[in-house]
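Enquirer: For reference, the file start_13.txt (compact mmCIF, C-alpha atoms) is included below:
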# COMPACT_ATOMS: atom_id res chain seq x y z
CA MET A 1 66.02 -24.31 48.85
CA SER A 2 67.26 -23.20 45.47
CA PHE A 3 66.33 -25.88 42.97
CA THR A 4 66.90 -25.52 39.28
CA LYS A 5 65.30 -28.68 37.97
CA SER A 6 61.71 -28.59 36.78
CA VAL A 7 59.24 -31.08 38.22
CA VAL A 8 56.42 -32.35 36.00
CA LEU A 9 53.53 -33.67 38.07
CA SER A 10 51.27 -35.75 35.82
CA CYS A 11 47.61 -35.42 36.80
CA ALA A 12 45.91 -35.75 33.43
CA GLY A 13 44.54 -39.28 33.59
CA ILE A 14 41.07 -40.52 34.42
CA GLY A 15 42.12 -42.96 37.13
CA SER A 16 39.81 -45.67 35.84
CA ARG A 17 41.43 -48.56 37.73
CA LEU A 18 40.83 -46.92 41.09
CA GLY A 19 37.12 -46.61 40.47
CA LEU A 20 36.35 -43.75 42.84
CA GLY A 21 34.62 -41.83 40.08
CA GLN A 22 36.94 -38.87 39.84
CA THR A 23 40.44 -37.96 38.83
CA LYS A 24 42.97 -39.27 41.32
CA ALA A 25 44.30 -35.80 42.10
CA LEU A 26 41.03 -35.04 43.90
CA ILE A 27 40.63 -38.21 45.96
CA ASN A 28 40.59 -37.74 49.69
CA ILE A 29 43.60 -38.93 51.70
CA ASN A 30 43.08 -38.44 55.40
CA GLY A 31 41.08 -35.25 54.92
CA LYS A 32 43.17 -33.70 52.16
CA THR A 33 42.98 -34.05 48.41
CA LEU A 34 45.87 -35.93 46.86
CA ILE A 35 46.93 -32.86 44.89
CA ARG A 36 47.01 -30.78 48.07
CA LEU A 37 49.28 -33.38 49.67
CA GLN A 38 51.55 -33.27 46.62
CA LEU A 39 51.74 -29.48 46.81
CA GLU A 40 52.75 -29.69 50.45
CA LEU A 41 55.37 -32.33 49.72
CA LEU A 42 56.75 -30.40 46.72
CA LYS A 43 56.59 -26.95 48.28
CA ASP A 44 60.33 -26.33 47.67
CA VAL A 45 60.09 -26.87 43.94
CA GLU A 46 60.16 -23.53 42.15
CA ASP A 47 59.29 -24.68 38.64
CA LEU A 48 56.40 -27.00 39.36
CA ARG A 49 54.46 -27.98 36.23
CA ILE A 50 51.16 -29.75 36.70
CA VAL A 51 49.90 -31.59 33.65
CA VAL A 52 46.11 -31.60 33.52
CA GLY A 53 43.55 -33.22 31.25
CA TYR A 54 40.55 -35.02 32.73
CA GLN A 55 38.68 -32.72 35.16
CA ALA A 56 41.31 -30.08 34.50
CA HIS A 57 39.19 -27.23 35.77
CA ASP A 58 38.50 -28.93 39.11
CA ILE A 59 42.21 -29.61 39.63
CA VAL A 60 43.13 -26.03 38.71
CA GLU A 61 40.63 -24.66 41.23
CA GLU A 62 41.90 -26.98 43.96
CA VAL A 63 45.56 -26.08 43.31
CA LEU A 64 44.83 -22.35 43.31
CA LYS A 65 43.57 -22.63 46.89
CA TYR A 66 47.12 -23.42 47.98
CA ARG A 67 49.51 -22.17 45.34
CA THR A 68 49.20 -19.84 42.35
CA ASP A 69 52.74 -19.95 40.99
CA VAL A 70 52.59 -23.31 39.23
CA VAL A 71 52.53 -23.81 35.48
CA PHE A 72 49.51 -25.79 34.33
CA VAL A 73 50.29 -27.77 31.21
CA TYR A 74 47.46 -29.19 29.11
CA ASN A 75 47.44 -32.73 27.81
CA HIS A 76 44.29 -32.46 25.71
CA ASN A 77 44.75 -36.02 24.42
CA TYR A 78 44.73 -37.58 27.86
CA PHE A 79 42.26 -40.26 26.84
CA GLU A 80 44.45 -41.65 24.06
CA THR A 81 47.85 -41.15 25.67
CA LYS A 82 49.78 -42.26 28.74
CA THR A 83 52.10 -40.60 31.22
CA GLY A 84 54.96 -40.48 28.71
CA THR A 85 53.03 -37.86 26.76
CA SER A 86 52.42 -35.78 29.87
CA TYR A 87 56.12 -35.94 30.73
CA TYR A 88 57.02 -34.79 27.22
CA LEU A 89 54.50 -31.93 27.26
CA GLY A 90 55.58 -30.80 30.71
CA ALA A 91 59.27 -31.03 29.84
CA LYS A 92 59.45 -29.49 26.41
CA ASP A 93 59.86 -25.86 27.52
CA ALA A 94 61.17 -26.54 31.01
CA ASN A 95 64.59 -26.20 32.68
CA ASP A 96 67.59 -28.26 31.52
CA TYR A 97 66.77 -31.22 33.74
CA VAL A 98 63.21 -32.37 34.25
CA ILE A 99 61.89 -34.75 36.88
CA GLU A 100 58.75 -36.67 36.01
CA TRP A 101 56.47 -37.34 38.95
CA ASP A 102 53.23 -39.28 38.71
CA GLY A 103 50.41 -37.43 40.41
CA ASP A 104 49.29 -40.68 42.02
CA LEU A 105 52.66 -41.50 43.54
CA LEU A 106 53.22 -40.58 47.17
CA VAL A 107 56.88 -40.33 48.06
CA HIS A 108 58.15 -40.27 51.63
CA PRO A 109 59.40 -36.77 52.64
CA ASP A 110 62.92 -38.09 53.35
CA SER A 111 63.07 -39.63 49.88
CA ILE A 112 61.81 -36.36 48.37
CA LYS A 113 64.74 -34.51 49.94
CA ARG A 114 67.16 -36.99 48.35
CA ILE A 115 65.44 -36.79 44.97
CA LEU A 116 65.44 -33.01 44.89
CA THR A 117 69.15 -32.79 45.68
CA GLN A 118 70.31 -35.37 43.11
CA GLU A 119 72.48 -34.18 40.27
CA GLY A 120 72.01 -35.31 36.69
CA GLU A 121 69.80 -38.09 35.39
CA PHE A 122 68.40 -40.86 37.56
CA ILE A 123 65.58 -43.35 37.98
CA CYS A 124 63.84 -44.06 41.28
CA TYR A 125 62.52 -47.42 42.37
CA ALA A 126 61.10 -48.92 45.53
CA ASP A 127 60.65 -52.25 47.26
CA ARG A 128 58.10 -54.46 45.55
CA THR A 129 54.63 -53.99 46.96
CA SER A 130 52.46 -54.91 43.99
CA GLU A 131 52.20 -57.98 41.78
CA GLU A 132 51.01 -56.11 38.72
CA ALA A 133 53.81 -53.61 38.61
CA VAL A 134 56.63 -52.93 36.18
CA PHE A 135 59.87 -54.11 37.74
CA VAL A 136 63.44 -52.92 37.39
CA ARG A 137 66.59 -55.00 37.20
CA THR A 138 69.64 -53.33 38.68
CA ASP A 139 73.37 -54.04 38.87
CA GLU A 140 75.31 -54.22 42.14
CA MET A 141 75.75 -50.42 42.13
CA GLY A 142 72.01 -49.90 41.90
CA ASN A 143 72.06 -48.70 38.30
CA VAL A 144 68.89 -49.52 36.39
CA LEU A 145 69.62 -52.04 33.61
CA SER A 146 66.15 -52.89 32.35
CA PHE A 147 62.40 -52.74 32.94
CA SER A 148 60.27 -55.87 32.92
CA ARG A 149 56.64 -56.84 33.35
CA ALA A 150 57.71 -60.30 34.51
CA SER A 151 60.42 -59.97 37.13
CA GLY A 152 63.01 -57.70 38.72
CA SER A 153 64.58 -56.82 42.03
CA TYR A 154 62.53 -53.69 42.63
CA GLU A 155 59.33 -52.00 41.54
CA TRP A 156 59.49 -49.10 39.09
CA THR A 157 57.67 -46.21 40.72
CA GLY A 158 59.31 -43.07 39.38
CA PRO A 159 60.18 -40.29 39.76
CA ALA A 160 62.83 -40.19 37.05
CA CYS A 161 64.95 -37.36 35.78
CA LEU A 162 66.24 -36.81 32.26
CA LYS A 163 67.95 -34.00 30.48
CA ARG A 164 65.19 -32.03 28.76
CA SER A 165 66.67 -32.58 25.30
CA ARG A 166 66.37 -36.35 25.79
CA VAL A 167 62.64 -36.33 26.62
CA HIS A 168 60.98 -37.22 23.32
CA TYR A 169 57.33 -37.59 22.43
CA THR A 170 55.65 -40.91 23.09
CA SER A 171 52.03 -41.91 23.55
CA GLU A 172 53.24 -44.66 25.85
CA ASN A 173 54.59 -44.83 29.40
CA VAL A 174 57.45 -42.96 31.00
CA TYR A 175 59.52 -46.11 31.30
CA ASN A 176 59.31 -46.52 27.51
CA GLN A 177 60.93 -43.10 27.26
CA LEU A 178 63.73 -44.14 29.61
CA GLU A 179 64.54 -47.52 28.03
CA PRO A 180 66.74 -46.26 25.15
CA TYR A 181 69.02 -44.52 27.66
CA LEU A 182 69.63 -47.44 30.04
CA PRO A 183 71.65 -48.01 32.09
CA ILE A 184 70.81 -44.97 34.21
CA ARG A 185 71.80 -44.32 37.80
CA GLY A 186 69.22 -45.70 40.23
CA LEU A 187 67.90 -44.31 43.48
CA LYS A 188 66.00 -46.45 45.93
CA ILE A 189 63.18 -44.59 47.63
CA GLU A 190 60.11 -45.16 49.76
CA ALA A 191 57.06 -44.51 47.63
CA TYR A 192 53.58 -45.87 47.03
CA ASP A 193 51.43 -45.45 43.99
CA ILE A 194 47.68 -45.48 44.00
CA ASP A 195 46.40 -47.57 41.14
CA THR A 196 43.80 -49.77 42.79
CA TYR A 197 41.45 -49.52 45.77
CA GLU A 198 43.86 -51.76 47.73
CA ASP A 199 46.68 -49.30 47.01
CA TYR A 200 44.45 -46.47 48.19
CA LYS A 201 43.73 -48.15 51.52
CA ASN A 202 47.41 -48.99 51.91
CA VAL A 203 48.49 -45.38 51.31
CA ILE A 204 46.00 -44.01 53.81
CA ARG A 205 47.50 -46.31 56.43
CA ARG A 206 51.13 -45.62 55.51
CA ILE A 207 51.14 -41.87 55.39
CA GLN A 208 49.64 -41.45 58.83
CA GLU A 209 53.19 -41.93 60.12
CA TRP A 210 54.70 -39.33 57.76
CA LYS A 211 55.48 -35.83 58.93
CA ILE A 212 53.97 -33.61 56.26
CA MET B 118 63.38 -16.47 15.66
CA ILE B 119 60.64 -16.07 18.23
CA LYS B 120 57.81 -13.57 18.57
CA PHE B 121 55.83 -13.09 21.76
CA ILE B 122 52.41 -11.61 21.03
CA PHE B 123 50.65 -10.18 24.08
CA ASP B 124 47.03 -9.36 24.55
CA LEU B 125 46.80 -5.98 26.32
CA ASP B 126 43.77 -5.92 28.63
CA GLY B 127 44.24 -8.00 31.74
CA THR B 128 47.50 -9.47 30.43
CA ILE B 129 49.72 -6.37 30.52
CA THR B 130 47.25 -4.05 32.24
CA LYS B 131 45.95 -4.94 35.68
CA GLN B 132 42.48 -3.81 34.68
CA GLU B 133 40.26 -4.32 31.67
CA THR B 134 40.23 -0.95 29.93
CA LEU B 135 36.77 -0.82 28.32
CA PRO B 136 34.93 -1.21 31.66
CA LEU B 137 37.28 1.38 33.13
CA ILE B 138 36.40 3.87 30.39
CA ALA B 139 32.73 3.14 30.90
CA GLU B 140 32.97 3.62 34.64
CA ASN B 141 34.79 6.91 34.31
CA PHE B 142 32.28 8.33 31.88
CA GLY B 143 29.14 7.00 33.53
CA VAL B 144 28.07 4.41 30.96
CA GLN B 145 29.07 1.34 32.94
CA HIS B 146 25.55 -0.09 33.02
CA GLU B 147 25.21 -0.40 29.24
CA ILE B 148 28.79 -1.61 28.81
CA SER B 149 28.66 -4.19 31.59
CA GLN B 150 25.42 -5.60 30.18
CA LEU B 151 27.04 -5.97 26.78
CA THR B 152 30.20 -7.46 28.29
CA GLN B 153 28.18 -9.99 30.24
CA GLU B 154 26.18 -11.02 27.19
CA THR B 155 29.42 -11.37 25.23
CA VAL B 156 31.12 -13.46 27.89
CA GLN B 157 28.08 -15.73 28.01
CA GLY B 158 28.30 -16.14 24.25
CA ASN B 159 24.92 -14.54 23.52
CA ILE B 160 26.46 -11.79 21.41
CA PRO B 161 29.42 -12.50 19.13
CA PHE B 162 32.57 -10.60 20.01
CA ILE B 163 32.70 -8.50 16.85
CA GLU B 164 29.10 -7.32 17.23
CA SER B 165 29.67 -6.56 20.88
CA PHE B 166 32.82 -4.61 20.09
CA ILE B 167 31.05 -2.50 17.45
CA ARG B 168 28.25 -1.72 19.89
CA ARG B 169 30.68 -0.88 22.68
CA VAL B 170 32.64 1.45 20.41
CA HIS B 171 29.41 3.09 19.37
CA LEU B 172 28.53 3.68 23.03
CA LEU B 173 31.97 5.04 23.89
CA GLY B 174 32.65 6.83 20.60
CA GLU B 175 30.83 9.95 21.71
CA LEU B 176 33.33 10.46 24.49
CA SER B 177 36.42 12.60 24.16
CA VAL B 178 39.19 10.53 22.60
CA SER B 179 41.95 12.48 24.31
CA SER B 180 40.29 12.09 27.72
CA ILE B 181 40.06 8.32 27.22
CA SER B 182 43.65 8.14 26.06
CA ASN B 183 44.79 10.16 29.07
CA LEU B 184 42.78 7.92 31.37
CA LEU B 185 44.32 4.75 29.97
CA ILE B 186 47.92 5.83 30.47
CA LYS B 187 47.20 5.78 34.20
CA VAL B 188 46.11 2.13 34.20
CA PRO B 189 48.46 0.08 36.39
CA LEU B 190 50.56 -2.48 34.51
CA TYR B 191 52.08 -5.80 35.53
CA ASP B 192 55.64 -4.75 36.39
CA ARG B 193 57.32 -8.09 35.63
CA VAL B 194 55.56 -8.48 32.31
CA LEU B 195 56.52 -4.91 31.43
CA GLU B 196 60.12 -5.62 32.40
CA PHE B 197 60.19 -8.74 30.22
CA ILE B 198 58.83 -6.85 27.21
CA ARG B 199 61.24 -3.96 27.67
CA MET B 200 64.18 -6.35 27.88
CA HIS B 201 63.09 -8.03 24.63
CA LEU B 202 61.51 -5.18 22.68
CA ASP B 203 62.33 -6.63 19.27
CA ASP B 204 60.77 -9.98 20.11
CA CYS B 205 57.54 -8.73 21.69
CA VAL B 206 54.43 -7.16 20.19
CA ILE B 207 51.01 -6.24 21.53
CA ALA B 208 47.81 -7.23 19.72
CA THR B 209 44.75 -5.49 21.11
CA GLY B 210 41.26 -5.14 19.73
CA ASN B 211 41.04 -1.72 21.35
CA LEU B 212 41.07 1.37 19.18
CA ASP B 213 44.40 2.93 18.30
CA CYS B 214 43.15 6.39 19.28
CA TRP B 215 42.43 5.19 22.81
CA SER B 216 45.30 2.81 23.48
CA GLU B 217 48.29 3.95 21.45
CA GLN B 218 49.56 6.32 24.14
CA LEU B 219 49.40 3.49 26.66
CA THR B 220 51.27 1.02 24.47
CA ARG B 221 53.94 3.65 23.82
CA ILE B 222 54.70 3.45 27.54
CA VAL B 223 55.26 -0.29 27.10
CA GLY B 224 57.53 0.42 24.13
CA CYS B 225 57.03 -2.45 21.69
CA THR B 226 55.29 -2.61 18.31
CA SER B 227 51.51 -2.73 18.75
CA TYR B 228 48.53 -3.62 16.60
CA PHE B 229 45.05 -2.16 17.18
CA SER B 230 41.62 -1.76 15.71
CA HIS B 231 41.42 1.51 13.85
CA ALA B 232 38.91 4.33 13.93
CA ARG B 233 38.64 7.66 12.22
CA VAL B 234 38.65 10.53 14.65
CA GLU B 235 37.28 13.99 14.04
CA MET B 236 36.95 16.78 16.56
CA ASP B 237 38.20 14.46 19.32
CA LYS B 238 35.40 11.95 18.72
CA VAL B 239 35.28 8.55 17.05
CA VAL B 240 33.29 9.08 13.88
CA LYS B 241 33.86 5.73 12.17
CA LEU B 242 35.15 2.32 13.14
CA GLU B 243 37.32 1.38 10.16
CA THR B 244 39.05 -1.89 10.97
CA ILE B 245 38.71 -4.44 13.74
CA LEU B 246 41.92 -6.22 14.56
CA ARG B 247 41.83 -9.94 13.99
CA LYS B 248 44.65 -11.14 16.15
CA GLU B 249 45.01 -14.37 14.21
CA GLN B 250 46.16 -12.31 11.22
CA ILE B 251 49.08 -11.01 13.27
CA VAL B 252 49.97 -14.57 14.28
CA ARG B 253 49.73 -15.71 10.66
CA MET B 254 51.90 -12.84 9.45
CA TYR B 255 54.72 -13.65 11.85
CA LYS B 256 54.47 -17.38 11.19
CA GLU B 257 54.77 -16.73 7.47
CA GLN B 258 57.91 -14.74 8.19
CA GLY B 259 59.33 -17.83 9.89
CA TYR B 260 58.85 -16.90 13.52
CA LYS B 261 57.93 -19.32 16.26
CA VAL B 262 54.89 -17.51 17.68
CA VAL B 263 53.96 -17.51 21.35
CA PHE B 264 50.60 -15.94 22.13
CA ILE B 265 49.70 -14.78 25.62
CA GLY B 266 46.06 -13.95 26.22
CA ASP B 267 43.00 -14.38 28.38
CA GLY B 268 39.90 -13.54 26.37
CA ASN B 269 37.49 -15.00 23.89
CA ASN B 270 38.83 -12.65 21.20
CA ASP B 271 42.24 -14.33 21.57
CA LEU B 272 40.83 -17.74 20.69
CA GLU B 273 41.68 -17.96 16.98
CA ALA B 274 45.09 -16.40 17.50
CA MET B 275 45.86 -18.93 20.22
CA ARG B 276 44.66 -21.80 18.08
CA LEU B 277 47.08 -20.74 15.38
CA ALA B 278 50.07 -19.89 17.57
CA ASP B 279 52.92 -22.36 18.08
CA VAL B 280 52.60 -21.93 21.83
CA ALA B 281 49.42 -20.64 23.47
CA ILE B 282 49.58 -19.39 27.04
CA ALA B 283 46.29 -18.67 28.77
CA THR B 284 46.69 -16.21 31.60
CA GLY B 285 44.55 -15.61 34.63
CA LEU B 286 46.44 -12.66 36.06
CA THR B 287 43.43 -10.35 36.33
CA HIS B 288 40.51 -12.76 36.10
CA PHE B 289 40.03 -16.42 35.25
CA PRO B 290 40.62 -16.71 31.51
CA SER B 291 37.73 -17.23 29.14
CA LYS B 292 36.90 -20.94 29.17
CA SER B 293 36.69 -20.97 25.38
CA ILE B 294 40.46 -20.55 25.03
CA LEU B 295 41.45 -23.41 27.35
CA PRO B 296 40.97 -26.23 24.81
CA VAL B 297 43.52 -24.55 22.51
CA SER B 298 45.98 -23.57 25.24
CA ASP B 299 49.26 -25.30 25.97
CA TYR B 300 49.73 -23.57 29.32
CA LEU B 301 47.63 -21.89 31.97
CA ILE B 302 49.29 -19.40 34.32
CA PHE B 303 48.00 -17.29 37.20
CA ASN B 304 51.11 -15.52 38.41
CA GLU B 305 53.24 -12.95 36.58
CA ILE B 306 56.55 -14.23 37.96
CA THR B 307 55.66 -17.72 36.72
CA LEU B 308 54.60 -16.27 33.38
CA CYS B 309 57.92 -14.48 32.94
CA ARG B 310 59.84 -17.61 33.95
CA LEU B 311 57.98 -19.58 31.29
CA LEU B 312 58.59 -16.86 28.68
CA ASN B 313 62.32 -16.99 29.45
CA GLN B 314 62.26 -20.80 29.21
CA LEU B 315 60.66 -20.51 25.78
CA TYR B 316 63.66 -18.63 24.39
What's the structure tokens form of this structure?
Expert:
Amino acid sequence: MSFTKSVVLSCAGIGSRLGLGQTKALININGKTLIRLQLELLKDVEDLRIVVGYQAHDIVEEVLKYRTDVVFVYNHNYFETKTGTSYYLGAKDANDYVIEWDGDLLVHPDSIKRILTQEGEFICYADRTSEEAVFVRTDEMGNVLSFSRASGSYEWTGPACLKRSRVHYTSENVYNQLEPYLPIRGLKIEAYDIDTYEDYKNVIRRIQEWKI
Amino acid sequence: MIKFIFDLDGTITKQETLPLIAENFGVQHEISQLTQETVQGNIPFIESFIRRVHLLGELSVSSISNLLIKVPLYDRVLEFIRMHLDDCVIATGNLDCWSEQLTRIVGCTSYFSHARVEMDKVVKLETILRKEQIVRMYKEQGYKVVFIGDGNNDLEAMRLADVAIATGLTHFPSKSILPVSDYLIFNEITLCRLLNQLY
């Protein structure tokens, strides 16, 4: 598949809420590391940019076992910053449109196909599965109107895509970067993020049915 | 205005040239010991370079130069440089008398360490290139500087550059440069894509 958008996979964080003692990219999901699963799921993406910080060297070594043509992007300030910074760093020299993709988000292969063929800017969301999430409020067309910690029809999961020139620096979250541009076209997907040990167990169960 | 500054050994060439010279002239043992000590940080780069030049200086300069023009190059990197000759330069710590013929094949402006040569031998090491000075010079002229390198002697240049790309095309880059790098690349097609994106 010819695909001209860049994808920024954020794997810089320390994954402290999960508590498995290592960066989330290296946790084991049914016999494979999470980053290996992501590489398999994103195999059609030509310009894949992996943002690394905590345990960068271990992630680099793991990725190189499967793919050598990625761009590793350093977020040296991973301890003080959030995913918005990684998105900015990954996007700043990338193609015209850049998709941000959390390294701890597993997206169903069918949803990935839809995401990778979308034109323009968009924001993905999923059915609510967590109580501590950030939620999105949408209009009847599915456009994203706002983000909220309190309530909303769906859960904000990412990925999201912006024009590169609109991705500005922030030390905060990706959704803070998106807020000034709302409303943005929404795309409902099937996806699960791995923030807590409960999420981890849930993902292991869910993806057994996926064809990867 | 943008300037791409390339390290030579292992970034444009597919082989490190000093070990190649050593191997061809039968002094690989001494050179590899020095290289190892340098990589481990036991001997500072400048001292190591002076000692390596001293070891290799007895050898015929023209033979070394003729050997180096046969070193295989990364085709895509070469193609990128040739398509953007005015925007690309090479900064190598190697001696001009050894490497100039090779860089002429590449075609862009190049900066070297300099030695005085008499009777086809290196008689005096006169200047050692500090790559950071090349970066500083272009920055002062108003260029956005992108530095592409893989070794410990690229560290200060990469720290100073606007964009620092660590490459692992030939071997894993020196770990010392990673904390000052913006990008890390292991594939020449990916490297050239990134260089084009940086325009």
Enquirer: Kindly provide, as a PyMOL selection string, the polymer residues lying within 10 Å of (47.9, -23.9, 40.5), counting only C-alpha atoms and using the coordinates exactly as they appear in the file.
Expert: (chain A and resi 39+48-50+59-72) or (chain B and resi 301-304)
Enquirer: Tell me, as a ChimeraX atom specification, which residues lie within 12 Å of Asp58 (chain A), counting all atoms listed in the file; anything in the same chain fewer than 2 positions away does not count.
Expert: /A:11-12,22-27,33,35,52-56,60-65
Enquirer: Rounded to one decimal in Å, what is the spacing between CA of Ser171 (chain A) and CA of Gly90 (chain A)?
Expert: 13.7 Å
Enquirer: If you count all atoms listed in the file, which residues fall within 8 Å of Gln132 (chain B), apart from same-chain ones fewer than 3 positions away, as a PyMOL selection string?
Expert: chain B and resi 126-127+137+188-189+287
Enquirer: Hey, could you make a per-residue contact list for chain B against chain A with 10 Å as the cut-off, showing the nearest pair of atoms and its distance in Å to one decimal, counting all atoms listed in the file, sorted by chain and number, as a tab-separated table?
Expert:
residue	atom	partner	partner_atom	distance
B:Ile282	CA	A:Val73	CA	9.4
B:Ala283	CA	A:Phe72	CA	9.6
B:Gly285	CA	A:Thr68	CA	10.0
B:Leu286	CA	A:Thr68	CA	9.9
B:Lys292	CA	A:His57	CA	9.4
B:Leu295	CA	A:Tyr74	CA	8.5
B:Pro296	CA	A:His76	CA	7.1
B:Val297	CA	A:His76	CA	8.6
B:Ser298	CA	A:Tyr74	CA	7.0
B:Asp299	CA	A:Tyr74	CA	5.3
B:Tyr300	CA	A:Val73	CA	4.6
B:Leu301	CA	A:Phe72	CA	4.9
B:Ile302	CA	A:Val71	CA	5.6
B:Phe303	CA	A:Thr68	CA	5.9
B:Asn304	CA	A:Asp69	CA	5.4
B:Glu305	CA	A:Asp69	CA	8.3
B:Ile306	CA	A:Asp69	CA	7.5
B:Thr307	CA	A:Asp69	CA	5.6
B:Leu308	CA	A:Val71	CA	8.1
B:Arg310	CA	A:Asp47	CA	8.5
B:Leu311	CA	A:Asp93	CA	7.6
B:Leu312	CA	A:Asp93	CA	9.2
B:Asn313	CA	A:Asp93	CA	9.4
B:Gln314	CA	A:Asp93	CA	5.8
B:Leu315	CA	A:Asp93	CA	5.7
B:Tyr316	CA	A:Asp93	CA	8.7
Enquirer: Counting only C-alpha atoms, figure out which residue out of A:Glu100, A:Glu80, A:Asp44, A:Glu132 gets nearest to Val167 (chain A).
Expert: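 Distance minimum relative to Val167 (chain A) lands on A:Glu100.
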Enquirer: Using only C-alpha atoms, which of A:Ile189, A:Ile99, A:Ile204, A:Leu145 sits nearest Ser86 (chain A)?
Expert: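 Checking each of A:Ile189, A:Ile99, A:Ile204, A:Leu145 against Ser86 (chain A), counting only C-alpha atoms, the winner is A:Ile99.
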Enquirer: Just want the 9 Å neighbourhood of Glu273 (chain B), counted on only C-alpha atoms, with same-chain residues fewer than 6 positions away dropped. Output as an MDAnalysis selection string.
Expert: chainID B and resid 247:249 294 297
Enquirer: Between CA of Thr155 (chain B) and CA of Ala232 (chain B), what distance in Å does the model show, to one decimal?
Expert: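 Result for CA of Thr155 (chain B) versus CA of Ala232 (chain B): 21.5 Å, one decimal.
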Enquirer: Just give me the gap between CA of Leu116 (chain A) and CA of Glu179 (chain A) in Å, one decimal is fine.
Expert: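 Going from CA of Leu116 (chain A) over to CA of Glu179 (chain A) covers 22.3 Å.
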Enquirer: Pick out the closest residue to Asp192 (chain B) from this set: B:Asp124, B:Thr134, B:Val223, B:Thr284. Count all atoms listed in the file.
Expert: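 When distances to Asp192 (chain B) are compared using all atoms listed in the file, the smallest one comes from B:Val223.
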Enquirer: Taking 2 positions as the minimum chain separation for residues in the same chain, which residues sit within 12 Å of Tyr255 (chain B) when counting all atoms listed in the file? Answer as number ranges by chain.
Expert: B: 118-122, 204-206, 248-253, 257-264, 274, 277-279
Enquirer: Grab the residues selected above and save them as a PDB file, in the frame of the given file with C-alpha atoms.
Expert:
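The result, stored in part.pdb:
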ATOM      1  CA  MET B 118      63.380 -16.470  15.660  1.00  0.00           C
ATOM      2  CA  ILE B 119      60.640 -16.070  18.230  1.00  0.00           C
ATOM      3  CA  LYS B 120      57.810 -13.570  18.570  1.00  0.00           C
ATOM      4  CA  PHE B 121      55.830 -13.090  21.760  1.00  0.00           C
ATOM      5  CA  ILE B 122      52.410 -11.610  21.030  1.00  0.00           C
ATOM      6  CA  ASP B 204      60.770  -9.980  20.110  1.00  0.00           C
ATOM      7  CA  CYS B 205      57.540  -8.730  21.690  1.00  0.00           C
ATOM      8  CA  VAL B 206      54.430  -7.160  20.190  1.00  0.00           C
ATOM      9  CA  LYS B 248      44.650 -11.140  16.150  1.00  0.00           C
ATOM     10  CA  GLU B 249      45.010 -14.370  14.210  1.00  0.00           C
ATOM     11  CA  GLN B 250      46.160 -12.310  11.220  1.00  0.00           C
ATOM     12  CA  ILE B 251      49.080 -11.010  13.270  1.00  0.00           C
ATOM     13  CA  VAL B 252      49.970 -14.570  14.280  1.00  0.00           C
ATOM     14  CA  ARG B 253      49.730 -15.710  10.660  1.00  0.00           C
ATOM     15  CA  GLU B 257      54.770 -16.730   7.470  1.00  0.00           C
ATOM     16  CA  GLN B 258      57.910 -14.740   8.190  1.00  0.00           C
ATOM     17  CA  GLY B 259      59.330 -17.830   9.890  1.00  0.00           C
ATOM     18  CA  TYR B 260      58.850 -16.900  13.520  1.00  0.00           C
ATOM     19  CA  LYS B 261      57.930 -19.320  16.260  1.00  0.00           C
ATOM     20  CA  VAL B 262      54.890 -17.510  17.680  1.00  0.00           C
ATOM     21  CA  VAL B 263      53.960 -17.510  21.350  1.00  0.00           C
ATOM     22  CA  PHE B 264      50.600 -15.940  22.130  1.00  0.00           C
ATOM     23  CA  ALA B 274      45.090 -16.400  17.500  1.00  0.00           C
ATOM     24  CA  LEU B 277      47.080 -20.740  15.380  1.00  0.00           C
ATOM     25  CA  ALA B 278      50.070 -19.890  17.570  1.00  0.00           C
ATOM     26  CA  ASP B 279      52.920 -22.360  18.080  1.00  0.00           C
TER      27      ASP B 279
END
Enquirer: Which one is closest to Ala91 (chain A): A:Leu187, A:Val8, A:Val107, A:Val174? Count all atoms listed in the file.
Expert: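 Ranked by minimum distance to Ala91 (chain A), first place goes to A:Val8.
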Enquirer: For region 122-135 of chain A, take all atoms listed in the file, fit an axis-aligned box around them, add 5 Å to each of the six sides, then output centre and edge lengths in Å rounded to one decimal, as JSON.
Expert:
{"center_x": 59.7, "center_y": -49.4, "center_z": 41.7, "size_x": 27.4, "size_y": 27.1, "size_z": 21.1}
Enquirer: Dig up all the protein and nucleic acid residues within 12 Å of (45.9, 9.8, 30.2) in the file frame, using all atoms listed in the file, and format them as a list in words.
Expert: Ile138, Ser177, Val178, Ser179, Ser180, Ile181, Ser182, Asn183, Leu184, Leu185, Ile186, Lys187, Val188, Pro189, Cys214, Trp215, Ser216, Glu217, Gln218, Leu219, Thr220, Arg221 and Ile222 of chain B
